[in-house]
Amino acid sequence: MGKTHEPKRIIYYRDAENEDYAGTDIDTKPVGADFPFAPVGVIWRFFAFIAYYVIAIPLVFFYCYVICGFRVKNRKAIRKIRKGGFFLYANHSHFTDAFLAPIVAFPKRAYVIVGPDTVSIKGLRNFVQMVGAIPIPQGLKGMASFLDAIRLRTEENCCISVFPEAHLWNYCTFLRPMKSGSFRYPVHLSVPSIAVAVTYQQRKLPFIKHPKRTVFISDPFYPDNTLSAKEAQHKLENEVKLFLHDKLETYSVYKYYDYRKAETENA
């Protein structure tokens with residue numbers, strides 16, 4: 001267990017499913033059916049390769065391992081997925097969660113399903129798409145193109161990360177309610193999934209206040225083809241939830257931010 005300490009910040013919440021603490025103020029642009037969810041042109045692929053492997057990957061590895069103190073457990077589980085793409089499900093407790101898939105899947109290419117705000121930053125849409133962002137469309141008209149993009153990337157043997165908690169709570173040490181619909185993708189595409197739990201521990205160096213992160217990778221979960229699609233989706237959700245809850249409960253022992261359920265209207 002971590003040493004007794006005072007959290008840097010205490011946050012009182014009322015709705016664990018819908019409140020968001022990302023702290024961004026982005027003018028979100030709508031993502032419709034005409035959005036290029038998966039560009040495939042030769043020029044695009046060339047610059048995407050440069051953006052991902054030459055620029056993003058070195059920065060991600062340096063920042064996560066050196067600055068944030070990442071430690072990854074059970075990386076060998078990825079080798080059990082011998083070919084084809086897979087999905088990665090993780091708790092959402094820091095902006096560096098977007099870097100989990102590139103770290104875990106390397107050298108495979110990784111993508112992340114994001115909200116429309118991620119591709120709404122002026123001048124950065126092309127770059128964030130090149131390094132892996134696939135936005136969820138608003139409305140049903142864009143859903144077919146979105147799902148086609150997801151299918152294409154799995155057929156290209158890529159990893160696609162999903163954050164079923166949906167909202168970002170910085171340094172949160174417990175599992176929050178997850179969106180059940182997030183688990184339909186691997187069942188629909190008949191591909192495996194892994195769960196990744198980001199846990200927080202106190203650093204040994206007293207002058208570094210930010211917690212270190214230990215990242216636990218599950219063994220692969222495969223869709224149960226003996227069940228209906230809805231039942232298989234529910235089973236996958238329970239398997240992922242159990243793994244994440246167990247790892248967070250056991251190893252996420254340092255509350256840098258302390259989230260507390262508000263008991264009164266004035267809390």
# chains A, B, ... in the order shown; residues from 1 in each chain; ligands from 1
call {"tool": "closest_atom_pairs", "arguments": {"of": "segment 4-79 of chain A", "to": "segment 168-186 of chain A", "cutoff": "7 Å", "atoms": "only C-alpha atoms", "output": "tab-separated table"}}
result
residue	atom	partner	partner_atom	distance
A:Ala16	CA	A:Arg176	CA	6.2
A:Glu17	CA	A:Pro177	CA	5.5
A:Asp20	CA	A:Leu168	CA	5.7
A:Tyr21	CA	A:Trp169	CA	5.2
A:Ala22	CA	A:Leu168	CA	5.2
call {"tool": "write_last_selection", "arguments": {"atoms": "N, CA and C atoms", "output": "PDB file, in the first residue's frame"}}
result
ATOM      1  N   ALA A  16     -21.198   9.573 -11.862  1.00  0.00           N
ATOM      2  CA  ALA A  16     -19.965   8.911 -12.300  1.00  0.00           C
ATOM      3  C   ALA A  16     -20.011   8.490 -13.755  1.00  0.00           C
ATOM      4  N   GLU A  17     -21.210   8.469 -14.329  1.00  0.00           N
ATOM      5  CA  GLU A  17     -21.337   8.001 -15.705  1.00  0.00           C
ATOM      6  C   GLU A  17     -21.196   9.118 -16.726  1.00  0.00           C
ATOM      7  N   ASP A  20     -17.467  14.899 -16.705  1.00  0.00           N
ATOM      8  CA  ASP A  20     -16.183  14.865 -17.402  1.00  0.00           C
ATOM      9  C   ASP A  20     -15.252  15.890 -16.768  1.00  0.00           C
ATOM     10  N   TYR A  21     -13.989  15.471 -16.554  1.00  0.00           N
ATOM     11  CA  TYR A  21     -13.012  16.360 -15.935  1.00  0.00           C
ATOM     12  C   TYR A  21     -11.777  16.530 -16.816  1.00  0.00           C
ATOM     13  N   ALA A  22     -11.987  16.450 -18.128  1.00  0.00           N
ATOM     14  CA  ALA A  22     -10.855  16.597 -19.048  1.00  0.00           C
ATOM     15  C   ALA A  22     -10.282  18.006 -19.025  1.00  0.00           C
TER      16      ALA A  22
END
call {"tool": "residues_around", "arguments": {"residues": "segment 212-219 of chain A", "least_positions_apart": "4", "cutoff": "10 Å", "atoms": "only C-alpha atoms", "output": "PDB file with N, CA and C atoms, in the first residue's frame"}}
result
ATOM      1  N   CYS A  64       6.177   8.496 -21.692  1.00  0.00           N
ATOM      2  CA  CYS A  64       5.509   7.523 -20.816  1.00  0.00           C
ATOM      3  C   CYS A  64       6.484   6.804 -19.899  1.00  0.00           C
ATOM      4  N   TYR A  65       7.604   6.338 -20.441  1.00  0.00           N
ATOM      5  CA  TYR A  65       8.524   5.554 -19.631  1.00  0.00           C
ATOM      6  C   TYR A  65       9.436   6.418 -18.761  1.00  0.00           C
ATOM      7  N   ILE A  67       9.218  10.107 -18.208  1.00  0.00           N
ATOM      8  CA  ILE A  67       8.564  11.176 -17.451  1.00  0.00           C
ATOM      9  C   ILE A  67       7.481  10.630 -16.521  1.00  0.00           C
ATOM     10  N   CYS A  68       6.639   9.743 -17.039  1.00  0.00           N
ATOM     11  CA  CYS A  68       5.486   9.264 -16.260  1.00  0.00           C
ATOM     12  C   CYS A  68       5.764   7.996 -15.463  1.00  0.00           C
ATOM     13  N   GLY A  69       6.888   7.355 -15.705  1.00  0.00           N
ATOM     14  CA  GLY A  69       7.225   6.166 -14.941  1.00  0.00           C
ATOM     15  C   GLY A  69       6.373   4.949 -15.241  1.00  0.00           C
ATOM     16  N   PHE A  70       6.020   4.746 -16.520  1.00  0.00           N
ATOM     17  CA  PHE A  70       5.228   3.577 -16.898  1.00  0.00           C
ATOM     18  C   PHE A  70       6.006   2.291 -16.649  1.00  0.00           C
ATOM     19  N   ARG A  71       5.290   1.272 -16.162  1.00  0.00           N
ATOM     20  CA  ARG A  71       5.793  -0.099 -16.102  1.00  0.00           C
ATOM     21  C   ARG A  71       4.696  -0.990 -16.655  1.00  0.00           C
ATOM     22  N   VAL A  72       5.026  -1.836 -17.624  1.00  0.00           N
ATOM     23  CA  VAL A  72       4.026  -2.652 -18.308  1.00  0.00           C
ATOM     24  C   VAL A  72       4.187  -4.116 -17.917  1.00  0.00           C
ATOM     25  N   LYS A  73       3.086  -4.734 -17.480  1.00  0.00           N
ATOM     26  CA  LYS A  73       3.090  -6.123 -17.039  1.00  0.00           C
ATOM     27  C   LYS A  73       2.310  -7.001 -18.016  1.00  0.00           C
ATOM     28  N   ASN A  74       2.854  -8.191 -18.283  1.00  0.00           N
ATOM     29  CA  ASN A  74       2.212  -9.204 -19.137  1.00  0.00           C
ATOM     30  C   ASN A  74       2.143  -8.782 -20.597  1.00  0.00           C
ATOM     31  N   ARG A  75       3.187  -8.118 -21.084  1.00  0.00           N
ATOM     32  CA  ARG A  75       3.228  -7.755 -22.497  1.00  0.00           C
ATOM     33  C   ARG A  75       3.207  -8.996 -23.399  1.00  0.00           C
ATOM     34  N   LYS A  76       3.677 -10.120 -22.879  1.00  0.00           N
ATOM     35  CA  LYS A  76       3.713 -11.354 -23.673  1.00  0.00           C
ATOM     36  C   LYS A  76       2.327 -11.794 -24.116  1.00  0.00           C
ATOM     37  N   ALA A  77       1.275 -11.285 -23.436  1.00  0.00           N
ATOM     38  CA  ALA A  77      -0.088 -11.660 -23.819  1.00  0.00           C
ATOM     39  C   ALA A  77      -0.400 -11.267 -25.257  1.00  0.00           C
ATOM     40  N   ILE A  78       0.209 -10.196 -25.730  1.00  0.00           N
ATOM     41  CA  ILE A  78      -0.047  -9.725 -27.093  1.00  0.00           C
ATOM     42  C   ILE A  78       0.427 -10.753 -28.117  1.00  0.00           C
ATOM     43  N   ARG A  79       1.464 -11.499 -27.784  1.00  0.00           N
ATOM     44  CA  ARG A  79       1.991 -12.489 -28.724  1.00  0.00           C
ATOM     45  C   ARG A  79       1.019 -13.641 -28.946  1.00  0.00           C
ATOM     46  N   LYS A  80       0.048 -13.791 -28.060  1.00  0.00           N
ATOM     47  CA  LYS A  80      -0.944 -14.853 -28.231  1.00  0.00           C
ATOM     48  C   LYS A  80      -1.904 -14.530 -29.379  1.00  0.00           C
ATOM     49  N   ILE A  81      -1.969 -13.251 -29.756  1.00  0.00           N
ATOM     50  CA  ILE A  81      -2.760 -12.863 -30.923  1.00  0.00           C
ATOM     51  C   ILE A  81      -1.820 -12.924 -32.121  1.00  0.00           C
ATOM     52  N   LEU A  88      -8.424  -2.967 -27.757  1.00  0.00           N
ATOM     53  CA  LEU A  88      -7.853  -2.734 -26.437  1.00  0.00           C
ATOM     54  C   LEU A  88      -8.848  -1.909 -25.631  1.00  0.00           C
ATOM     55  N   TYR A  89      -9.237  -2.395 -24.452  1.00  0.00           N
ATOM     56  CA  TYR A  89     -10.164  -1.693 -23.567  1.00  0.00           C
ATOM     57  C   TYR A  89      -9.431  -1.279 -22.304  1.00  0.00           C
ATOM     58  N   ALA A  90      -9.526   0.012 -21.959  1.00  0.00           N
ATOM     59  CA  ALA A  90      -8.783   0.521 -20.808  1.00  0.00           C
ATOM     60  C   ALA A  90      -9.622   1.506 -20.011  1.00  0.00           C
ATOM     61  N   LEU A 100      -1.539   4.347 -24.755  1.00  0.00           N
ATOM     62  CA  LEU A 100      -1.476   2.947 -24.339  1.00  0.00           C
ATOM     63  C   LEU A 100      -1.370   2.006 -25.525  1.00  0.00           C
ATOM     64  N   VAL A 104       1.504  -0.723 -26.137  1.00  0.00           N
ATOM     65  CA  VAL A 104       1.168  -2.134 -25.979  1.00  0.00           C
ATOM     66  C   VAL A 104       1.285  -2.894 -27.297  1.00  0.00           C
ATOM     67  N   TYR A 171      -6.325  10.800 -12.987  1.00  0.00           N
ATOM     68  CA  TYR A 171      -5.790  10.085 -11.819  1.00  0.00           C
ATOM     69  C   TYR A 171      -6.858   9.345 -11.022  1.00  0.00           C
ATOM     70  N   PRO A 192     -10.303 -10.678 -31.440  1.00  0.00           N
ATOM     71  CA  PRO A 192     -10.050 -10.709 -29.997  1.00  0.00           C
ATOM     72  C   PRO A 192      -9.935  -9.319 -29.377  1.00  0.00           C
ATOM     73  N   SER A 193      -9.965  -9.303 -28.058  1.00  0.00           N
ATOM     74  CA  SER A 193      -9.809  -8.063 -27.295  1.00  0.00           C
ATOM     75  C   SER A 193      -8.872  -8.321 -26.122  1.00  0.00           C
ATOM     76  N   ILE A 194      -8.248  -7.264 -25.641  1.00  0.00           N
ATOM     77  CA  ILE A 194      -7.505  -7.324 -24.386  1.00  0.00           C
ATOM     78  C   ILE A 194      -7.976  -6.178 -23.503  1.00  0.00           C
ATOM     79  N   ALA A 195      -7.831  -6.350 -22.204  1.00  0.00           N
ATOM     80  CA  ALA A 195      -8.106  -5.278 -21.256  1.00  0.00           C
ATOM     81  C   ALA A 195      -6.782  -4.755 -20.719  1.00  0.00           C
ATOM     82  N   VAL A 196      -6.705  -3.451 -20.537  1.00  0.00           N
ATOM     83  CA  VAL A 196      -5.487  -2.817 -20.028  1.00  0.00           C
ATOM     84  C   VAL A 196      -5.862  -1.910 -18.861  1.00  0.00           C
ATOM     85  N   ALA A 197      -5.328  -2.202 -17.696  1.00  0.00           N
ATOM     86  CA  ALA A 197      -5.621  -1.434 -16.489  1.00  0.00           C
ATOM     87  C   ALA A 197      -4.443  -0.532 -16.147  1.00  0.00           C
ATOM     88  N   VAL A 198      -4.691   0.765 -16.065  1.00  0.00           N
ATOM     89  CA  VAL A 198      -3.669   1.729 -15.655  1.00  0.00           C
ATOM     90  C   VAL A 198      -3.858   2.002 -14.176  1.00  0.00           C
ATOM     91  N   THR A 199      -2.861   1.646 -13.372  1.00  0.00           N
ATOM     92  CA  THR A 199      -2.949   1.808 -11.926  1.00  0.00           C
ATOM     93  C   THR A 199      -1.890   2.803 -11.444  1.00  0.00           C
ATOM     94  N   TYR A 200      -2.124   3.386 -10.265  1.00  0.00           N
ATOM     95  CA  TYR A 200      -1.261   4.453  -9.759  1.00  0.00           C
ATOM     96  C   TYR A 200      -0.638   4.079  -8.416  1.00  0.00           C
ATOM     97  N   GLN A 201       0.669   4.325  -8.315  1.00  0.00           N
ATOM     98  CA  GLN A 201       1.394   4.101  -7.076  1.00  0.00           C
ATOM     99  C   GLN A 201       2.266   5.317  -6.754  1.00  0.00           C
ATOM    100  N   GLN A 202       2.596   5.462  -5.484  1.00  0.00           N
ATOM    101  CA  GLN A 202       3.433   6.582  -5.073  1.00  0.00           C
ATOM    102  C   GLN A 202       4.874   6.346  -5.500  1.00  0.00           C
ATOM    103  N   ARG A 203       5.512   7.385  -5.968  1.00  0.00           N
ATOM    104  CA  ARG A 203       6.921   7.281  -6.347  1.00  0.00           C
ATOM    105  C   ARG A 203       7.801   7.276  -5.108  1.00  0.00           C
ATOM    106  N   LYS A 204       8.946   6.630  -5.232  1.00  0.00           N
ATOM    107  CA  LYS A 204       9.870   6.561  -4.108  1.00  0.00           C
ATOM    108  C   LYS A 204      10.646   7.863  -3.917  1.00  0.00           C
ATOM    109  N   ILE A 208       9.228  14.029  -6.458  1.00  0.00           N
ATOM    110  CA  ILE A 208       8.325  13.792  -7.587  1.00  0.00           C
ATOM    111  C   ILE A 208       6.959  13.443  -7.016  1.00  0.00           C
ATOM    112  N   GLU A 239     -16.140  -9.705 -18.758  1.00  0.00           N
ATOM    113  CA  GLU A 239     -14.753 -10.164 -18.648  1.00  0.00           C
ATOM    114  C   GLU A 239     -13.797  -8.978 -18.513  1.00  0.00           C
ATOM    115  N   VAL A 240     -14.009  -7.960 -19.336  1.00  0.00           N
ATOM    116  CA  VAL A 240     -13.162  -6.765 -19.277  1.00  0.00           C
ATOM    117  C   VAL A 240     -13.354  -6.043 -17.944  1.00  0.00           C
ATOM    118  N   PHE A 243     -11.588  -7.813 -15.011  1.00  0.00           N
ATOM    119  CA  PHE A 243     -10.133  -7.637 -15.025  1.00  0.00           C
ATOM    120  C   PHE A 243      -9.752  -6.233 -14.555  1.00  0.00           C
ATOM    121  N   LEU A 244     -10.413  -5.218 -15.117  1.00  0.00           N
ATOM    122  CA  LEU A 244     -10.084  -3.838 -14.761  1.00  0.00           C
ATOM    123  C   LEU A 244     -10.374  -3.562 -13.289  1.00  0.00           C
ATOM    124  N   LYS A 247      -7.690  -5.262 -10.990  1.00  0.00           N
ATOM    125  CA  LYS A 247      -6.365  -4.629 -11.006  1.00  0.00           C
ATOM    126  C   LYS A 247      -6.388  -3.252 -10.335  1.00  0.00           C
ATOM    127  N   LEU A 248      -7.452  -2.475 -10.581  1.00  0.00           N
ATOM    128  CA  LEU A 248      -7.540  -1.158  -9.953  1.00  0.00           C
ATOM    129  C   LEU A 248      -7.709  -1.288  -8.439  1.00  0.00           C
ATOM    130  N   TYR A 251      -4.094  -2.680  -7.140  1.00  0.00           N
ATOM    131  CA  TYR A 251      -2.826  -2.008  -7.388  1.00  0.00           C
ATOM    132  C   TYR A 251      -2.910  -0.486  -7.505  1.00  0.00           C
ATOM    133  N   SER A 252      -4.089   0.080  -7.699  1.00  0.00           N
ATOM    134  CA  SER A 252      -4.189   1.535  -7.820  1.00  0.00           C
ATOM    135  C   SER A 252      -4.375   2.117  -6.425  1.00  0.00           C
ATOM    136  N   TYR A 254      -2.614   4.843  -4.898  1.00  0.00           N
ATOM    137  CA  TYR A 254      -2.153   6.210  -4.597  1.00  0.00           C
ATOM    138  C   TYR A 254      -3.151   7.216  -5.170  1.00  0.00           C
TER     139      TYR A 254
END
call {"tool": "select_by_dssp", "arguments": {"residues": "segment 186-259 of chain A", "states": "strand (DSSP E or B)", "output": "PyMOL selection string"}}
result
chain A and resi 193-201+212-217+221+257-259
call {"tool": "select_by_dssp", "arguments": {"residues": "segment 40-230 of chain A", "states": "helix (DSSP H, G or I)", "output": "PyMOL selection string"}}
result
chain A and resi 42-67+75-80+95-105+116-119+125-130+143-155+180-189+229-230
call {"tool": "residues_around", "arguments": {"residues": "segment 31-43 of chain A", "least_positions_apart": "6", "cutoff": "12 Å", "atoms": "only C-alpha atoms", "output": "NGL selection string"}}
result
:A and (49-50 or 111-120 or 125-126 or 128-154 or 156)
call {"tool": "closest_residue", "arguments": {"among": "A:Leu189, A:Ala48, A:Leu236, A:Val60", "to": "Phe221 of chain A", "atoms": "only C-alpha atoms"}}
result
A:Leu236
call {"tool": "closest_residue", "arguments": {"among": "A:Lys108, A:Gly85, A:Lys241, A:Ile11", "to": "Tyr52 of chain A", "atoms": "only C-alpha atoms"}}
result
A:Lys108
call {"tool": "atom_distance", "arguments": {"atom1": "atom CA of Phe127 of chain A", "atom2": "atom CA of Gly84 of chain A"}}
result
25.3 Å
call {"tool": "atom_distance", "arguments": {"atom1": "atom CA of Trp44 of chain A", "atom2": "atom CA of Lys29 of chain A"}}
result
22.2 Å
